[in-house]
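Engineer: Let me give you the structure first, and then I'll get to my questions.
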Amino acid sequence: MNRSGGAEPRLDRRRWLAAGCAATLTAGLGREAAASEPLWVDQRRLGPFVCRSTFPLGDRLLAQTDLAALELELRRVLALRPCAEQIELLLVNDAHQHQRLIRSRHPDAPYRRALFFKANRRSVIYAYRHADLAVDLRHEGTHALLHADLPMVPLWLDEGLAEYFEPPPAARPYGPDHLPKVLDDARRGVAPSLAELEGRRDLGEMTPADYRSAWAWTHFLLHGPAEASQQLWAMLASIRRWEPPGAMSDRLAAAFRSPTQSFVDHFRGWPDVLRAASARAKQG
């Protein structure tokens with residue numbers, strides 16, 4: 001699905017975590033970068049996010065981004081520690097200005113609609129104003145908050161969590177972009193291979209189907225059987241202790257007789273769970 005309304009593929013809006021960008025994130029900007037630096041006219045703080053923009057920041061836009069609430073939700077769901085570092089959020093007015101800023105600061109980075117960079121303990125999100133800005137900021141904000149607390153996150157889980165938390169809170173369990181195809185596959189007894197997904201080592205290897213699979217396995221870990229959630233929390237705890245976390249596919253194989261069947265059963269039953277929750281909400 002192309003949220004920007006043009007021909008840009010969905011993958012193109014994903015963040016690029018620059019492994020070799022330390023030199024470009026150091027204190028001084030070069031002459032070319034300084035010349036391309038926008039005029040920042042507004043600044044607000046949203047929890048750990050310090051937002052600077054080239055346009056006046058309205059309360060409605062800030063409320064839509066939900067970034068302060070996002071940090072609290074990640075702390076509640078994933079037991080992340082309170083974010084101890086400042087995350088810069090740079091918002092410009094349009095795609096042209098955004099592209100100029102990215103190229104001046106990170107000339108070797110492939111261009112994306114929204115990007116998260118981290119190097120030398122400095123975290124920066126770059127984005128521009130458009131209809132789905134709030135979705136982009138929740139996605140990139142999830143990456144930033146995860147990497148503020150954890151020394152690493154497996155690529156599939158990093159993207160799966162960002163996909164899960166990018167919709168507004170009430171829409172997250174429904175997975176508006178991914179759920180219909182996942183449900184259709186589950187009805188046919190089909191589940192994506194988690195081991196194959198774990199083999200992805202570079203963002204450029206991730207296909208739209210991989211993003212859907214990452215979201216689906218993350219959904220299973222968050223909403224599936226308690227044993228699945230326990231494995232997610234245990235993996236994150238190992239990472240936080242700088243211990244090798246092992247593969248989630250191995251963890252689930254030790255916890256379930258058939259992780260694939262448990263995954264399929266979870267999604268086969270999910271529509272009933274959603275209907276029951278909707279009925280309770282109407283009664284309440």
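Residue numbers start at 1 in each chain; chains themselves are named A, B, ... in the order of the structure tokens; ligands are numbered from 1 in the order shown.
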May I have all residues of segment 42-158 of chain A that DSSP, computed from the backbone, assigns to helix (DSSP H, G or I), given as an NGL selection string?

Structural biologist: :A and (59-65 or 67-78 or 95-105 or 133-149 or 155-158)

Engineer: Name the residues in contact with segment 275-278 of chain A at a cut-off of 12 Å, using only C-alpha atoms, excluding same-chain residues fewer than 4 positions from it; report them as a list in words.

Structural biologist: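 My reading of the contact set: Ala170, Pro173, Tyr174, Gly269, Trp270, Pro271, Lys282, Gln283 and Gly284 of chain A.
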
Engineer: Could you make a table, as a Markdown table, of the residues of segment 202-233 of chain A that have an atom within 12 Å of an atom of segment 183-189 of chain A, each with its nearest atom pair and distance in Å to one decimal, counting only C-alpha atoms, in chain and number order?

Structural biologist:
```
| residue | atom | partner | partner_atom | distance |
| --- | --- | --- | --- | --- |
| A:Arg212 | CA | A:Leu183 | CA | 11.5 |
| A:Ser213 | CA | A:Asp185 | CA | 11.1 |
| A:Ala216 | CA | A:Leu183 | CA | 9.7 |
```

Engineer: Quick one: which segment 93-204 of chain A residues come within 10 Å of segment 50-63 of chain A, and what is the nearest atom pair for each with the distance in Å to one decimal, counting only C-alpha atoms, rows ordered by chain and ascending number, as JSON lines?

Structural biologist:
```
{"residue": "A:Asn93", "atom": "CA", "partner": "A:Thr54", "partner_atom": "CA", "distance": 6.2}
{"residue": "A:Asp94", "atom": "CA", "partner": "A:Thr54", "partner_atom": "CA", "distance": 9.7}
{"residue": "A:Gln97", "atom": "CA", "partner": "A:Thr54", "partner_atom": "CA", "distance": 9.7}
{"residue": "A:Val124", "atom": "CA", "partner": "A:Val50", "partner_atom": "CA", "distance": 9.7}
{"residue": "A:Ile125", "atom": "CA", "partner": "A:Cys51", "partner_atom": "CA", "distance": 9.3}
{"residue": "A:Ala127", "atom": "CA", "partner": "A:Ser53", "partner_atom": "CA", "distance": 9.7}
{"residue": "A:Tyr128", "atom": "CA", "partner": "A:Ser53", "partner_atom": "CA", "distance": 9.0}
{"residue": "A:Arg129", "atom": "CA", "partner": "A:Phe55", "partner_atom": "CA", "distance": 9.2}
{"residue": "A:Leu133", "atom": "CA", "partner": "A:Leu61", "partner_atom": "CA", "distance": 8.9}
{"residue": "A:Ala134", "atom": "CA", "partner": "A:Leu61", "partner_atom": "CA", "distance": 7.8}
```

Engineer: List the spatial neighbours of Leu232 of chain A as a tab-separated table (two decimals) with C-alpha atoms, in the first residue's frame - criterion: any atom at most 12 Å away, only C-alpha atoms, same-chain residues fewer than 2 positions off excluded.

Structural biologist:
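What follows is the written file result.tsv:
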```tsv
chain	number	residue	atom	x	y	z
A	77	VAL	CA	4.25	-3.68	26.67
A	78	LEU	CA	7.97	-4.44	26.26
A	79	ALA	CA	9.28	-3.39	29.70
A	153	VAL	CA	17.43	-5.65	17.94
A	154	PRO	CA	17.14	-8.47	15.37
A	157	LEU	CA	11.77	-7.97	15.24
A	161	LEU	CA	7.53	-3.98	16.25
A	217	TRP	CA	5.09	-13.07	14.12
A	218	THR	CA	5.30	-9.97	16.32
A	219	HIS	CA	1.50	-10.02	16.64
A	220	PHE	CA	1.69	-13.69	17.66
A	221	LEU	CA	4.30	-12.84	20.31
A	222	LEU	CA	2.21	-9.96	21.69
A	223	HIS	CA	-1.31	-11.41	21.44
A	224	GLY	CA	-0.80	-15.17	21.18
A	225	PRO	CA	-0.37	-17.75	23.95
A	226	ALA	CA	1.34	-16.65	27.15
A	227	GLU	CA	4.32	-18.86	26.30
A	228	ALA	CA	4.95	-16.78	23.19
A	229	SER	CA	4.90	-13.48	25.08
A	230	GLN	CA	7.24	-14.94	27.68
A	234	ALA	CA	13.01	-13.24	27.75
A	235	MET	CA	14.74	-12.40	24.46
A	236	LEU	CA	14.60	-8.66	25.15
A	237	ALA	CA	15.93	-9.23	28.66
A	238	SER	CA	18.88	-11.23	27.27
A	239	ILE	CA	19.68	-8.48	24.79
A	245	PRO	CA	19.62	-13.90	22.61
A	246	GLY	CA	19.53	-16.90	20.28
A	247	ALA	CA	16.97	-17.28	17.52
A	248	MET	CA	13.30	-16.77	18.32
A	249	SER	CA	12.50	-19.77	16.11
A	251	ARG	CA	12.96	-20.42	21.52
A	252	LEU	CA	9.47	-21.11	20.18
A	255	ALA	CA	8.11	-23.78	24.07
```

Engineer: To one decimal place in Å, what is the distance between atom CA of Asp210 of chain A and atom CA of Lys181 of chain A?

Structural biologist: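 Distance between the two atoms: 12.6 Å.
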
Engineer: Any idea what's packed within 9 Å of Arg201 of chain A, counting only C-alpha atoms, ignoring anything in its chain fewer than 4 positions away? Could you give it as an mmCIF file with C-alpha atoms, in the first residue's frame?

Structural biologist:
```
data_model
loop_
_atom_site.group_PDB
_atom_site.id
_atom_site.type_symbol
_atom_site.label_atom_id
_atom_site.label_comp_id
_atom_site.auth_asym_id
_atom_site.auth_seq_id
_atom_site.Cartn_x
_atom_site.Cartn_y
_atom_site.Cartn_z
ATOM 1 C CA PRO A 154 17.142 -8.467 15.366
ATOM 2 C CA LEU A 155 16.111 -6.922 12.056
ATOM 3 C CA TRP A 156 12.858 -8.880 11.699
ATOM 4 C CA GLU A 205 16.801 -7.744 1.667
ATOM 5 C CA MET A 206 13.382 -7.095 3.212
#
```

Engineer: Looking only at strand (DSSP E or B) from DSSP on the backbone, list the matching residues of segment 4-188 of chain A as an mmCIF file with N, CA and C atoms, in the first residue's frame.

Structural biologist:
```cif
data_model
loop_
_atom_site.group_PDB
_atom_site.id
_atom_site.type_symbol
_atom_site.label_atom_id
_atom_site.label_comp_id
_atom_site.auth_asym_id
_atom_site.auth_seq_id
_atom_site.Cartn_x
_atom_site.Cartn_y
_atom_site.Cartn_z
ATOM 1 N N ASP A 42 10.156 26.417 14.798
ATOM 2 C CA ASP A 42 9.400 25.999 15.984
ATOM 3 C C ASP A 42 10.104 24.815 16.621
ATOM 4 N N GLN A 43 9.937 24.674 17.929
ATOM 5 C CA GLN A 43 10.527 23.548 18.652
ATOM 6 C C GLN A 43 9.600 23.157 19.790
ATOM 7 N N ARG A 44 9.358 21.862 19.928
ATOM 8 C CA ARG A 44 8.545 21.329 21.030
ATOM 9 C C ARG A 44 9.211 20.061 21.559
ATOM 10 N N ARG A 45 8.891 19.743 22.809
ATOM 11 C CA ARG A 45 9.372 18.485 23.396
ATOM 12 C C ARG A 45 8.187 17.552 23.592
ATOM 13 N N LEU A 46 8.336 16.316 23.122
ATOM 14 C CA LEU A 46 7.309 15.288 23.258
ATOM 15 C C LEU A 46 7.947 14.083 23.939
ATOM 16 N N PHE A 49 11.433 12.990 22.801
ATOM 17 C CA PHE A 49 11.623 13.535 21.459
ATOM 18 C C PHE A 49 11.674 15.066 21.512
ATOM 19 N N VAL A 50 12.717 15.629 20.941
ATOM 20 C CA VAL A 50 12.801 17.078 20.777
ATOM 21 C C VAL A 50 12.570 17.361 19.302
ATOM 22 N N CYS A 51 11.444 17.978 19.002
ATOM 23 C CA CYS A 51 11.007 18.188 17.629
ATOM 24 C C CYS A 51 11.319 19.610 17.187
ATOM 25 N N ARG A 52 12.059 19.737 16.092
ATOM 26 C CA ARG A 52 12.295 21.025 15.456
ATOM 27 C C ARG A 52 11.672 20.990 14.074
ATOM 28 N N SER A 53 11.047 22.081 13.668
ATOM 29 C CA SER A 53 10.344 22.085 12.398
ATOM 30 C C SER A 53 10.567 23.387 11.650
ATOM 31 N N ILE A 87 16.069 12.207 21.637
ATOM 32 C CA ILE A 87 15.901 11.805 20.245
ATOM 33 C C ILE A 87 15.488 13.044 19.452
ATOM 34 N N GLU A 88 16.302 13.430 18.490
ATOM 35 C CA GLU A 88 15.987 14.586 17.666
ATOM 36 C C GLU A 88 14.988 14.194 16.578
ATOM 37 N N LEU A 89 13.984 15.005 16.408
ATOM 38 C CA LEU A 89 12.993 14.814 15.356
ATOM 39 C C LEU A 89 12.985 16.076 14.507
ATOM 40 N N LEU A 90 13.439 15.963 13.268
ATOM 41 C CA LEU A 90 13.560 17.106 12.374
ATOM 42 C C LEU A 90 12.470 17.020 11.303
ATOM 43 N N LEU A 91 11.560 17.976 11.314
ATOM 44 C CA LEU A 91 10.443 18.007 10.380
ATOM 45 C C LEU A 91 10.605 19.180 9.424
ATOM 46 N N VAL A 92 10.555 18.890 8.140
ATOM 47 C CA VAL A 92 10.608 19.948 7.134
ATOM 48 C C VAL A 92 9.299 19.957 6.357
ATOM 49 N N LEU A 115 13.292 8.602 7.925
ATOM 50 C CA LEU A 115 14.514 7.876 8.241
ATOM 51 C C LEU A 115 14.906 8.048 9.693
ATOM 52 N N PHE A 116 15.466 6.985 10.257
ATOM 53 C CA PHE A 116 16.033 7.023 11.597
ATOM 54 C C PHE A 116 17.525 6.694 11.475
ATOM 55 N N PHE A 117 18.356 7.564 12.017
ATOM 56 C CA PHE A 117 19.800 7.352 12.046
ATOM 57 C C PHE A 117 20.254 7.336 13.505
ATOM 58 N N LYS A 118 21.237 6.474 13.786
ATOM 59 C CA LYS A 118 21.861 6.516 15.110
ATOM 60 C C LYS A 118 23.347 6.225 14.963
ATOM 61 N N ALA A 119 24.160 7.084 15.526
ATOM 62 C CA ALA A 119 25.604 6.875 15.580
ATOM 63 C C ALA A 119 26.151 7.782 16.663
ATOM 64 N N ARG A 122 23.924 9.492 19.160
ATOM 65 C CA ARG A 122 23.021 10.536 18.717
ATOM 66 C C ARG A 122 21.957 9.914 17.811
ATOM 67 N N SER A 123 20.694 10.123 18.173
ATOM 68 C CA SER A 123 19.577 9.573 17.412
ATOM 69 C C SER A 123 18.817 10.711 16.739
ATOM 70 N N VAL A 124 18.572 10.544 15.434
ATOM 71 C CA VAL A 124 17.880 11.575 14.664
ATOM 72 C C VAL A 124 16.842 10.916 13.762
ATOM 73 N N ILE A 125 15.642 11.481 13.756
ATOM 74 C CA ILE A 125 14.601 11.080 12.816
ATOM 75 C C ILE A 125 14.370 12.246 11.863
ATOM 76 N N TYR A 126 14.361 11.952 10.570
ATOM 77 C CA TYR A 126 14.092 12.948 9.545
ATOM 78 C C TYR A 126 12.756 12.628 8.888
ATOM 79 N N ALA A 127 11.895 13.621 8.760
ATOM 80 C CA ALA A 127 10.601 13.410 8.112
ATOM 81 C C ALA A 127 10.106 14.727 7.547
ATOM 82 N N TYR A 128 9.063 14.650 6.729
ATOM 83 C CA TYR A 128 8.471 15.865 6.191
ATOM 84 C C TYR A 128 6.956 15.791 6.282
#
```

Engineer: From the options A:His98, A:Leu72, A:Leu67, A:Thr207, which residue's atoms come nearest to Glu37 of chain A, counting only C-alpha atoms?

Structural biologist: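 Checking each of A:His98, A:Leu72, A:Leu67, A:Thr207 against Glu37 of chain A, counting only C-alpha atoms, the winner is A:His98.
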
Engineer: Compile the contact shell of Gly160 of chain A as a list in words: residues with an atom at most 7 Å away, counting only C-alpha atoms, same-chain residues fewer than 2 positions apart removed.

Structural biologist: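 Contacts, in chain order: Trp156, Leu157, Asp158, Ala162, Glu163, Tyr164, Tyr211, Ala214, Trp215 and Thr218 of chain A.
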
Engineer: Please compute the atom CA of Gly141 of chain A-atom CA of Leu70 of chain A distance, one decimal, in Å.

Structural biologist: 7.9 Å

Engineer: Would you mind reading off the distance between atom CA of Arg240 of chain A and atom CA of Pro192 of chain A, one decimal, in Å?

Structural biologist: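 It comes out at 27.5 Å.
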
Engineer: For a quick check of understanding, using only C-alpha atoms, which of A:Arg105, A:His266, A:Glu196, A:Cys83 has the smallest distance to Ala144 of chain A?

Structural biologist: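 Using only C-alpha atoms, the shortest distance to Ala144 of chain A belongs to A:Cys83.
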
Engineer: For a quick check of understanding, using only C-alpha atoms, which of A:Ala131, A:Ala191, A:Leu203, A:Leu80 has the smallest distance to Phe267 of chain A?

Structural biologist: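 Checking each of A:Ala131, A:Ala191, A:Leu203, A:Leu80 against Phe267 of chain A, counting only C-alpha atoms, the winner is A:Ala191.
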